[in-house]
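Asks: So I've got this file, upload.cif, and it contains mmCIF, C-alpha atoms (C1' of nucleotides):
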```cif
data_target
#
loop_
_atom_site.label_atom_id
_atom_site.label_comp_id
_atom_site.auth_asym_id
_atom_site.auth_seq_id
_atom_site.Cartn_x
_atom_site.Cartn_y
_atom_site.Cartn_z
CA MET V 7 -6.76 -32.08 -26.78
CA LYS V 8 -2.98 -32.29 -27.07
CA LEU V 9 -1.01 -32.56 -23.85
CA ASP V 10 1.10 -29.49 -24.64
CA GLU V 11 -1.99 -27.44 -25.29
CA ALA V 12 -3.62 -28.68 -22.09
CA LYS V 13 -0.50 -27.84 -20.10
CA GLN V 14 -0.43 -24.37 -21.60
CA GLN V 15 -4.04 -23.78 -20.65
CA PHE V 16 -3.45 -25.12 -17.18
CA VAL V 17 -0.61 -22.70 -16.62
CA ASN V 18 -2.64 -19.79 -17.95
CA SER V 19 -5.75 -20.50 -15.95
CA TRP V 20 -3.75 -21.05 -12.79
CA GLY V 21 -2.14 -17.68 -13.39
CA ALA V 22 -5.50 -16.02 -13.91
CA PHE V 23 -6.91 -17.69 -10.83
CA GLY V 24 -3.99 -16.53 -8.73
CA THR V 25 -4.43 -12.97 -9.96
CA GLN V 26 -8.02 -12.95 -8.74
CA TRP V 27 -6.77 -13.86 -5.29
CA GLY V 28 -4.06 -11.25 -5.10
CA ILE V 29 -1.21 -13.52 -6.21
CA ASN V 30 1.21 -12.30 -8.85
CA ARG V 31 0.24 -13.91 -12.17
CA THR V 32 3.79 -14.95 -13.01
CA MET V 33 4.37 -16.46 -9.60
CA ALA V 34 1.27 -18.58 -10.03
CA GLN V 35 2.28 -19.55 -13.56
CA ILE V 36 5.73 -20.64 -12.51
CA HIS V 37 4.23 -22.69 -9.74
CA ALA V 38 1.77 -24.28 -12.16
CA LEU V 39 4.53 -25.03 -14.64
CA LEU V 40 6.61 -26.79 -12.00
CA LEU V 41 3.57 -28.65 -10.66
CA ILE V 42 2.99 -30.37 -13.99
CA SER V 43 6.60 -30.75 -14.99
CA THR V 44 7.92 -34.29 -14.97
CA ALA V 45 11.37 -33.08 -13.97
CA PRO V 46 12.83 -30.06 -12.14
CA LEU V 47 13.42 -26.99 -14.34
CA THR V 48 16.12 -24.33 -14.52
CA GLN V 49 15.53 -20.59 -14.64
CA ASP V 50 16.30 -20.71 -18.35
CA ASP V 51 13.68 -23.40 -18.91
CA ILE V 52 11.07 -21.25 -17.18
CA MET V 53 12.10 -18.10 -19.06
CA GLU V 54 11.69 -19.95 -22.30
CA GLN V 55 8.41 -21.69 -21.54
CA LEU V 56 6.68 -18.59 -20.19
CA THR V 57 8.61 -16.13 -22.39
CA ILE V 58 9.47 -13.84 -19.50
CA SER V 59 12.69 -12.17 -18.41
CA ARG V 60 15.38 -13.62 -16.23
CA GLY V 61 14.80 -11.03 -13.52
CA ASN V 62 11.13 -11.84 -13.36
CA VAL V 63 11.78 -15.55 -13.06
CA ASN V 64 14.38 -15.02 -10.40
CA MET V 65 12.25 -12.76 -8.22
CA ASN V 66 9.21 -14.98 -8.38
CA ILE V 67 11.24 -18.09 -7.69
CA ARG V 68 12.59 -16.40 -4.61
CA ASP V 69 9.02 -15.69 -3.48
CA LEU V 70 7.86 -19.23 -4.19
CA ILE V 71 10.72 -20.58 -2.12
CA GLY V 72 9.75 -18.12 0.62
CA TRP V 73 6.26 -19.58 0.56
CA GLY V 74 7.72 -23.06 0.82
CA LEU V 75 6.07 -24.10 -2.43
CA ILE V 76 9.19 -24.95 -4.40
CA ASP V 77 12.72 -26.11 -3.66
CA ARG V 78 16.14 -25.78 -5.14
CA VAL V 79 17.42 -29.11 -6.43
CA ILE V 80 21.04 -29.97 -7.09
CA VAL V 81 21.64 -32.16 -10.08
CA GLN V 82 24.87 -34.16 -10.21
CA GLY V 83 27.40 -32.71 -12.62
CA GLU V 84 25.26 -29.68 -13.50
CA ARG V 85 26.29 -26.14 -12.77
CA LYS V 86 22.79 -24.69 -13.03
CA GLU V 87 20.24 -24.79 -10.25
CA TYR V 88 17.04 -26.73 -10.76
CA PHE V 89 13.67 -26.06 -9.16
CA ASN V 90 11.07 -28.52 -8.09
CA ALA V 91 7.50 -28.11 -6.79
CA ASP V 92 5.93 -30.33 -4.19
CA LYS V 93 3.24 -32.22 -6.13
CA ASP V 94 1.08 -33.08 -3.14
CA ILE V 95 -1.88 -30.76 -3.72
CA TRP V 96 -3.20 -31.31 -0.24
CA LYS V 97 0.08 -30.13 1.26
CA VAL V 98 0.18 -27.23 -1.20
CA ALA V 99 -3.28 -26.09 -0.14
CA THR V 100 -2.71 -26.27 3.60
CA LEU V 101 0.65 -24.56 3.16
CA ILE V 102 -0.88 -21.67 1.23
CA ILE V 103 -3.70 -21.29 3.75
CA LYS V 104 -1.35 -21.34 6.72
CA GLU V 105 1.01 -18.93 5.05
CA ARG V 106 -1.68 -16.44 4.10
CA LYS V 107 -3.11 -16.63 7.58
CA LYS V 108 0.29 -15.84 9.03
CA ARG V 109 1.12 -13.08 6.58
CA GLU V 110 -2.25 -11.39 6.19
CA LEU V 111 -4.89 -12.47 8.66
CA ASP V 112 -2.84 -12.50 11.85
CA PRO V 113 -1.52 -8.94 11.42
CA MET V 114 -5.07 -7.72 10.91
CA LEU V 115 -6.31 -9.53 13.99
CA LYS V 116 -3.50 -7.97 15.96
CA LEU V 117 -4.57 -4.54 14.79
CA LEU V 118 -8.22 -5.26 15.57
CA ALA V 119 -7.23 -6.13 19.12
CA THR V 120 -5.76 -2.67 19.57
CA LEU V 121 -8.98 -1.09 18.29
CA GLU V 122 -10.89 -2.61 21.17
CA ASN V 123 -9.20 -0.33 23.69
CA LEU V 124 -11.56 2.61 23.30
CA ASP V 125 -11.29 5.60 25.61
CA ASP V 126 -15.04 5.71 26.03
CA LYS V 127 -16.91 2.48 25.40
CA LYS V 128 -20.25 4.18 26.09
CA GLU V 129 -19.92 6.70 23.30
CA LYS V 130 -22.65 6.52 20.66
CA GLY V 131 -21.70 3.92 18.07
CA ALA V 132 -19.05 2.29 20.25
CA LYS V 133 -21.23 -0.70 20.98
CA GLU V 134 -21.89 -1.43 17.31
CA PHE V 135 -18.24 -0.94 16.44
CA LEU V 136 -17.02 -3.29 19.15
CA GLN V 137 -19.64 -5.82 18.12
CA VAL V 138 -18.33 -5.95 14.55
CA VAL V 139 -14.68 -6.09 15.63
CA GLY V 140 -15.47 -8.80 18.16
CA ASP V 141 -17.43 -10.81 15.63
CA ILE V 142 -14.60 -10.72 13.11
CA LYS V 143 -12.22 -12.02 15.76
CA LYS V 144 -14.64 -14.80 16.65
CA LEU V 145 -15.13 -15.72 13.02
CA SER V 146 -11.44 -16.03 12.39
CA LYS V 147 -11.06 -18.29 15.43
CA HIS V 148 -13.81 -20.46 13.96
CA ALA V 149 -12.02 -20.58 10.62
CA ASP V 150 -8.82 -21.53 12.38
CA SER V 151 -10.30 -24.50 14.13
CA LEU V 152 -12.01 -25.50 10.92
CA LEU V 153 -8.62 -25.65 9.24
CA ASP V 154 -7.33 -27.80 12.10
CA ILE V 155 -10.26 -30.14 11.69
CA MET V 156 -9.65 -30.31 7.97
CA ILE V 157 -6.03 -31.28 8.54
CA LYS V 158 -6.99 -33.81 11.19
CA ALA V 159 -9.66 -35.31 8.97
CA GLU V 160 -6.98 -35.96 6.41
CA GLU V 161 -4.64 -37.55 8.92
CA ASN V 162 -7.21 -39.45 10.91
CA LYS V 163 -9.64 -41.74 9.17
CA PHE V 164 -12.06 -41.82 12.07
CA ILE V 165 -12.50 -38.06 12.13
CA GLY V 166 -12.83 -38.07 8.35
CA ALA V 167 -15.54 -40.70 8.58
CA VAL V 168 -17.49 -38.74 11.20
CA LEU V 169 -17.32 -35.60 9.05
CA LYS V 170 -18.72 -37.50 6.09
CA ILE V 171 -21.82 -38.30 8.10
CA PHE V 172 -22.63 -34.61 8.35
CA LYS V 173 -22.23 -33.83 4.68
CA MET T 2 -8.05 5.32 21.54
CA LYS T 3 -10.82 7.57 20.30
CA LEU T 4 -13.76 5.92 18.52
CA ASP T 5 -13.32 8.02 15.39
CA GLU T 6 -9.67 7.09 15.16
CA ALA T 7 -10.46 3.42 15.71
CA LYS T 8 -13.13 3.51 13.00
CA GLN T 9 -10.69 5.17 10.62
CA GLN T 10 -8.10 2.48 11.27
CA PHE T 11 -10.68 -0.23 10.88
CA VAL T 12 -11.70 1.08 7.46
CA ASN T 13 -8.09 1.39 6.37
CA SER T 14 -7.02 -2.04 7.51
CA TRP T 15 -10.08 -3.65 5.99
CA GLY T 16 -9.20 -1.94 2.74
CA ALA T 17 -5.62 -3.16 2.90
CA PHE T 18 -6.75 -6.67 3.78
CA GLY T 19 -9.14 -6.72 0.84
CA THR T 20 -6.38 -5.60 -1.51
CA GLN T 21 -4.23 -8.54 -0.50
CA TRP T 22 -7.05 -10.85 -1.52
CA GLY T 23 -7.71 -9.26 -4.86
CA ILE T 24 -10.59 -7.04 -3.75
CA ASN T 25 -10.64 -3.41 -4.81
CA ARG T 26 -9.42 -1.32 -1.87
CA THR T 27 -12.23 1.22 -2.13
CA MET T 28 -14.88 -1.46 -2.34
CA ALA T 29 -13.57 -3.01 0.86
CA GLN T 30 -13.37 0.39 2.54
CA ILE T 31 -16.96 1.27 1.66
CA HIS T 32 -18.07 -2.07 2.97
CA ALA T 33 -16.14 -1.52 6.20
CA LEU T 34 -17.57 1.95 6.60
CA LEU T 35 -21.11 0.69 6.26
CA LEU T 36 -20.43 -2.25 8.57
CA ILE T 37 -19.55 0.03 11.45
CA SER T 38 -22.01 2.79 10.66
CA THR T 39 -24.91 3.12 13.09
CA ALA T 40 -27.22 4.27 10.28
CA PRO T 41 -27.41 3.83 6.50
CA LEU T 42 -25.29 6.31 4.50
CA THR T 43 -25.78 8.18 1.24
CA GLN T 44 -23.28 8.33 -1.61
CA ASP T 45 -22.39 11.84 -0.46
CA ASP T 46 -21.68 10.62 3.07
CA ILE T 47 -19.32 7.98 1.69
CA MET T 48 -17.63 10.45 -0.68
CA GLU T 49 -16.97 12.75 2.23
CA GLN T 50 -15.81 10.15 4.73
CA LEU T 51 -13.41 8.41 2.35
CA THR T 52 -12.61 11.56 0.30
CA ILE T 53 -13.20 9.82 -3.01
CA SER T 54 -15.11 10.83 -6.13
CA ARG T 55 -18.79 10.30 -6.79
CA GLY T 56 -18.07 8.00 -9.72
CA ASN T 57 -15.85 5.80 -7.62
CA VAL T 58 -18.45 5.52 -4.87
CA ASN T 59 -21.17 4.74 -7.35
CA MET T 60 -19.29 2.00 -9.16
CA ASN T 61 -18.15 0.27 -6.01
CA ILE T 62 -21.61 0.46 -4.49
CA ARG T 63 -22.95 -1.22 -7.57
CA ASP T 64 -20.40 -4.00 -7.13
CA LEU T 65 -21.16 -4.39 -3.43
CA ILE T 66 -24.85 -4.72 -4.22
CA GLY T 67 -23.92 -7.28 -6.88
CA TRP T 68 -22.10 -9.25 -4.21
CA GLY T 69 -25.16 -9.04 -1.99
CA LEU T 70 -23.17 -7.32 0.74
CA ILE T 71 -25.13 -4.07 0.89
CA ASP T 72 -28.66 -2.93 0.14
CA ARG T 73 -30.40 0.21 -0.99
CA VAL T 74 -32.61 1.63 1.74
CA ILE T 75 -35.47 4.03 1.21
CA VAL T 76 -35.86 6.66 3.89
CA GLN T 77 -39.26 8.29 4.29
CA GLY T 78 -39.35 11.81 2.92
CA GLU T 79 -35.80 11.71 1.58
CA ARG T 80 -34.95 11.96 -2.08
CA LYS T 81 -31.47 10.49 -1.74
CA GLU T 82 -30.77 6.77 -1.64
CA TYR T 83 -29.28 5.28 1.47
CA PHE T 84 -27.09 2.21 1.73
CA ASN T 85 -26.93 -0.36 4.45
CA ALA T 86 -24.60 -3.31 5.10
CA ASP T 87 -25.72 -6.56 6.65
CA LYS T 88 -23.96 -6.57 10.04
CA ASP T 89 -24.06 -10.33 10.55
CA ILE T 90 -20.40 -11.19 10.04
CA TRP T 91 -21.15 -14.88 9.76
CA LYS T 92 -23.55 -14.24 6.89
CA VAL T 93 -21.05 -11.85 5.32
CA ALA T 94 -18.32 -14.48 5.41
CA THR T 95 -20.39 -17.31 3.97
CA LEU T 96 -21.74 -14.96 1.31
CA ILE T 97 -18.27 -13.89 0.23
CA ILE T 98 -17.03 -17.48 0.15
CA LYS T 99 -20.00 -18.70 -1.86
CA GLU T 100 -19.74 -15.80 -4.24
CA ARG T 101 -16.03 -16.20 -4.85
CA LYS T 102 -16.52 -19.92 -5.38
CA LYS T 103 -19.19 -19.20 -7.96
CA ARG T 104 -17.28 -16.44 -9.72
CA GLU T 105 -13.75 -17.76 -9.61
CA LEU T 106 -13.40 -21.37 -8.52
CA ASP T 107 -16.24 -22.93 -10.50
CA PRO T 108 -15.12 -21.50 -13.86
CA MET T 109 -11.64 -22.85 -13.24
CA LEU T 110 -12.96 -26.29 -12.34
CA LYS T 111 -15.01 -26.27 -15.51
CA LEU T 112 -11.89 -25.53 -17.51
CA LEU T 113 -9.91 -28.22 -15.69
CA ALA T 114 -12.57 -30.74 -16.66
CA THR T 115 -11.95 -29.98 -20.33
CA LEU T 116 -8.21 -30.49 -19.87
CA GLU T 117 -8.81 -34.08 -18.86
CA ASN T 118 -9.83 -35.06 -22.38
CA LEU T 119 -6.37 -35.70 -23.73
CA ASP T 120 -5.88 -37.18 -27.17
CA ASP T 121 -3.25 -39.55 -25.89
CA LYS T 122 -3.35 -40.37 -22.19
CA LYS T 123 -0.27 -42.55 -22.48
CA GLU T 124 2.00 -39.79 -23.71
CA LYS T 125 4.98 -39.09 -21.49
CA GLY T 126 3.94 -36.66 -18.76
CA ALA T 127 0.22 -37.21 -19.27
CA LYS T 128 -0.08 -39.31 -16.14
CA GLU T 129 1.51 -36.67 -13.94
CA PHE T 130 -0.56 -33.92 -15.52
CA LEU T 131 -3.84 -35.78 -15.05
CA GLN T 132 -2.85 -36.57 -11.49
CA VAL T 133 -2.42 -32.89 -10.61
CA VAL T 134 -5.62 -31.85 -12.39
CA GLY T 135 -7.55 -34.64 -10.71
CA ASP T 136 -6.14 -33.79 -7.30
CA ILE T 137 -7.15 -30.15 -7.62
CA LYS T 138 -10.69 -31.21 -8.48
CA LYS T 139 -10.77 -33.54 -5.49
CA LEU T 140 -9.43 -30.87 -3.19
CA SER T 141 -12.05 -28.37 -4.22
CA LYS T 142 -14.79 -30.92 -3.61
CA HIS T 143 -13.33 -31.40 -0.13
CA ALA T 144 -13.35 -27.67 0.47
CA ASP T 145 -16.95 -27.49 -0.69
CA SER T 146 -18.17 -30.04 1.76
CA LEU T 147 -16.13 -28.39 4.47
CA LEU T 148 -18.01 -25.16 3.82
CA ASP T 149 -21.28 -27.06 4.05
CA ILE T 150 -20.22 -28.54 7.37
CA MET T 151 -19.23 -25.11 8.60
CA ILE T 152 -22.65 -23.74 7.72
CA LYS T 153 -24.40 -26.73 9.27
CA ALA T 154 -22.33 -26.46 12.44
CA GLU T 155 -23.60 -22.92 12.81
CA GLU T 156 -27.22 -23.92 12.26
CA ASN T 157 -27.16 -27.17 14.19
CA LYS T 158 -25.88 -27.27 17.75
CA PHE T 159 -25.30 -30.98 17.73
CA ILE T 160 -22.97 -30.88 14.76
CA GLY T 161 -21.20 -27.91 16.28
CA ALA T 162 -20.71 -29.84 19.49
CA VAL T 163 -19.29 -32.87 17.69
CA LEU T 164 -16.86 -30.68 15.80
CA LYS T 165 -15.64 -29.13 19.03
CA ILE T 166 -14.60 -32.57 20.25
CA PHE T 167 -12.12 -32.85 17.39
CA LYS T 168 -10.48 -29.48 17.91
"C1'" DT H 19 -45.10 17.59 -17.73
"C1'" DC H 20 -41.30 20.23 -16.16
"C1'" DG H 21 -37.05 20.83 -14.06
"C1'" DA H 22 -34.15 20.38 -10.12
"C1'" DA H 23 -32.01 16.71 -7.63
"C1'" DT H 24 -29.77 12.64 -7.93
"C1'" DT H 25 -27.55 8.76 -10.09
"C1'" DT H 26 -24.96 6.60 -13.69
"C1'" DT H 27 -21.65 6.21 -17.29
"C1'" DC H 28 -17.26 6.27 -19.31
"C1'" DA H 29 -13.28 8.56 -21.71
"C1'" DA H 30 -9.35 10.48 -19.85
"C1'" DT H 31 -5.97 10.52 -16.15
"C1'" DA H 32 -3.50 8.87 -12.24
"C1'" DA H 33 -1.69 5.43 -9.30
"C1'" DA H 34 -0.11 0.92 -8.34
"C1'" DA H 35 1.83 -3.33 -9.63
"C1'" DA H 36 4.64 -6.08 -12.50
"C1'" DA H 37 8.34 -6.85 -15.87
"C1'" DT H 38 12.56 -5.80 -18.13
"C1'" DG H 39 17.39 -6.01 -18.82
"C1'" DA H 40 21.85 -4.76 -17.90
"C1'" DA H 41 25.18 -4.28 -14.30
"C1'" DA H 42 26.86 -6.21 -10.05
"C1'" DA H 43 27.57 -10.06 -7.22
"C1'" DT H 44 28.30 -14.74 -6.52
"C1'" DT H 45 29.51 -19.39 -7.48
"C1'" DT H 46 32.29 -23.10 -9.04
"C1'" DG H 47 35.27 -25.97 -12.03
"C1'" DA H 48 39.83 -26.04 -13.73
"C1'" DT U 10 43.21 -18.12 -7.76
"C1'" DC U 11 41.01 -16.99 -11.93
"C1'" DA U 12 37.51 -16.41 -15.15
"C1'" DA U 13 33.48 -18.13 -17.21
"C1'" DA U 14 28.94 -19.40 -15.88
"C1'" DT U 15 25.20 -18.38 -13.27
"C1'" DT U 16 22.38 -15.79 -10.13
"C1'" DT U 17 20.76 -11.58 -8.06
"C1'" DT U 18 19.54 -6.83 -7.77
"C1'" DC U 19 17.13 -2.79 -8.85
"C1'" DA U 20 16.39 1.65 -11.57
"C1'" DT U 21 13.65 2.21 -15.43
"C1'" DT U 22 9.80 1.07 -18.33
"C1'" DT U 23 5.56 -1.14 -19.31
"C1'" DT U 24 1.22 -2.89 -18.19
"C1'" DT U 25 -2.65 -3.21 -15.44
"C1'" DT U 26 -5.88 -1.48 -12.37
"C1'" DA U 27 -8.28 2.19 -10.13
"C1'" DT U 28 -10.02 6.95 -9.94
"C1'" DT U 29 -11.72 11.19 -11.49
"C1'" DG U 30 -15.05 14.39 -13.06
"C1'" DA U 31 -18.06 16.12 -16.26
"C1'" DA U 32 -21.76 14.92 -19.36
"C1'" DA U 33 -25.75 12.09 -19.95
"C1'" DA U 34 -29.49 9.71 -18.04
"C1'" DT U 35 -32.83 9.03 -14.68
"C1'" DT U 36 -35.92 9.99 -10.94
"C1'" DC U 37 -39.49 12.23 -8.63
"C1'" DG U 38 -42.00 16.08 -6.35
"C1'" DA U 39 -44.67 19.97 -7.50
#
```
Take the structure in this file and express it as structure tokens.
Replies:
Amino acid sequence: MKLDEAKQQFVNSWGAFGTQWGINRTMAQIHALLLISTAPLTQDDIMEQLTISRGNVNMNIRDLIGWGLIDRVIVQGERKEYFNADKDIWKVATLIIKERKKRELDPMLKLLATLENLDDKKEKGAKEFLQVVGDIKKLSKHADSLLDIMIKAEENKFIGAVLKIFK
Amino acid sequence: MKLDEAKQQFVNSWGAFGTQWGINRTMAQIHALLLISTAPLTQDDIMEQLTISRGNVNMNIRDLIGWGLIDRVIVQGERKEYFNADKDIWKVATLIIKERKKRELDPMLKLLATLENLDDKKEKGAKEFLQVVGDIKKLSKHADSLLDIMIKAEENKFIGAVLKIFK
DNA sequence: TCGAATTTTCAATAAAAAATGAAAATTTGA
DNA sequence: TCAAATTTTCATTTTTTATTGAAAATTCGA
């Protein structure tokens, strides 16, 4: 396979993958494009490579910066802004997980907490309801600490080694 | 808060949460409704409670069954079919993760593997491209074994205890 | 086997999400 | 400071996704 073709497919499949997880296709594609670019790109570069409008590029770049996935880069003697993606996939993954937790999971957990204040906890069905709500809260705490462990395993060789034993 | 109101909010927020993760809102709502229902429900029950059409209920129930999240239940002396959700949130979570991995992650990894067969691996930019592709593959293997550990920690108290030490 | 009850399908419609492009705002070199 | 270059905004349009509802298919008790 030719490199250009492979890059094209990478960008497309990353876009499709993002879509399945509730991420705007273009946002994912721009991120993919910058991930495999050897140098930072301008908005015009991105418009051209993905054949999308300036407005679309601009809005999605703003979002990607908001997620902390890409950065503005100033190039000496150039008027245009350049954009660069952090290439460390590990960092990218933990960033996305943390960000989605903050934006989507935490607000839901907050709401769930309010649902636990029932007027009458002995009403028929209340027990089952509170059980499910409580279990979801517990599960998300589990997932949280799992993420911590994952991060620590990456930073600390000993923890990583112990985890490997259990695989 | 009244139980009915709390249930309503639970169903709505579960639906909204699902949407953010690329899950059809109605599918998530039906799942939520069945999770907190004290008894299995019929299609008519669901239509009424969510005020949605029969076709919509039917299609999303089919999907939920396909995901393994709900089951048909036969009630003695009743002509109608009833539906029941597995209430074990832990099982629900691991099921969803495994299913999404199978449906969405694995196909992408398969594609990525094909992108590694470049005609010319010394072409400018090939190294960086292969690095990113390789890193994504590595990361997903990591995530896989993490899921295994998570499942084992639940089944095996010793492993769970060791993990707690690292928190 | 018949036929009423129930479920399923899917073309048509509606709703939601994403993209466009031109105008407005901002930036920056001269 | 000015004006060309660049970026940003957002009302409008397009595309995608989800929903409806009625017809067709299926099921099952009598």
Asks: State, in Å with one decimal place, the distance from atom CA of T:Leu119 to atom CA of T:Val134.
Replies: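 So the two atoms, atom CA of T:Leu119 and atom CA of T:Val134, lie 12.0 Å apart.
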Asks: Go through the shown structure with the PyMOL selection byres ((chain H and resi 43-47) around 9) and write out the matching residues as JSON, numbers by chain.
Replies: {"V": [85], "H": [42, 48], "U": [14, 15, 16, 17, 18]}
Asks: Specify as number ranges by chain all residues of chain T found within 7 Å of chain V, counting all atoms listed in the file.
Replies: T: 2-4, 7, 14, 18, 21-23, 37, 39, 90-91, 105, 109, 116, 118-120, 126-127, 129-130, 133, 136-137, 140, 146, 149-150, 167-168
Asks: Determine, for each residue of chain V having at least one atom at most 10 Å from an atom of chain H, the closest pair of atoms and their separation in Å to one decimal, counting all atoms listed in the file; order by chain and ascending number, as JSON lines.
Replies:
```
{"residue": "V:Asn30", "atom": "CA", "partner": "H:DA36", "partner_atom": "C1'", "distance": 8.0}
{"residue": "V:Arg31", "atom": "CA", "partner": "H:DA36", "partner_atom": "C1'", "distance": 9.0}
{"residue": "V:Thr32", "atom": "CA", "partner": "H:DA36", "partner_atom": "C1'", "distance": 8.9}
{"residue": "V:Ile58", "atom": "CA", "partner": "H:DA37", "partner_atom": "C1'", "distance": 8.0}
{"residue": "V:Ser59", "atom": "CA", "partner": "H:DT38", "partner_atom": "C1'", "distance": 6.4}
{"residue": "V:Arg60", "atom": "CA", "partner": "H:DG39", "partner_atom": "C1'", "distance": 8.3}
{"residue": "V:Gly61", "atom": "CA", "partner": "H:DT38", "partner_atom": "C1'", "distance": 7.3}
{"residue": "V:Asn62", "atom": "CA", "partner": "H:DA37", "partner_atom": "C1'", "distance": 6.2}
{"residue": "V:Val63", "atom": "CA", "partner": "H:DA37", "partner_atom": "C1'", "distance": 9.8}
{"residue": "V:Arg85", "atom": "CA", "partner": "H:DT46", "partner_atom": "C1'", "distance": 7.7}
```
Asks: Let me know the centre plus edge lengths, in Å and rounded to one decimal, of a box with edges along x, y and z that contains all listed atoms of stretch 19-31 of chain U and is padded by 5 Å on every side, as lines of an AutoDock Vina configuration file.
Replies:
```
center_x = -0.5
center_y = 6.5
center_z = -14.1
size_x = 45.2
size_y = 29.3
size_z = 20.5
```
Asks: Mind pulling up the distance from atom CA of T:Val74 to atom CA of T:Pro41?
Replies: 7.4 Å
Asks: Rounded to one decimal, what separation in Å do you get between atom CA of T:Lys142 and atom CA of V:Lys97?
Replies: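 Distance between the two atoms: 15.7 Å.
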Asks: Calculated over all atoms listed in the file, which of the candidates T:Arg63, T:His32, T:Lys81, T:Arg73 has the smallest distance to chain U?
Replies: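 Closest to chain U, using all atoms listed in the file: T:Lys81.
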Asks: Given the choices U:DC11, U:DC19, U:DC37, U:DA32, which gets closest to chain V if the distance is worked out from all atoms listed in the file?
Replies: U:DC19
Asks: So which residues get picked by the PyMOL selection byres ((chain V and resi 89) around 8) here, written as a PyMOL selection string?
Replies: chain V and resi 40+46-49+76-79+87-88+90-91
Asks: Here's the selection I'm unsure about, the PyMOL selection byres ((chain U) within 10 of (chain T)); applied to the file above, which residues does it give, as a ChimeraX atom specification?
Replies: /U:26-30,36-38
Asks: What would the list of residues within 10 Å of (6.8, -16.1, -0.1) (file frame) look like as an MDAnalysis selection string, if only C-alpha atoms (C1' of nucleotides) are what count?
Replies: chainID V and resid 33 66:75 102 105:106 109
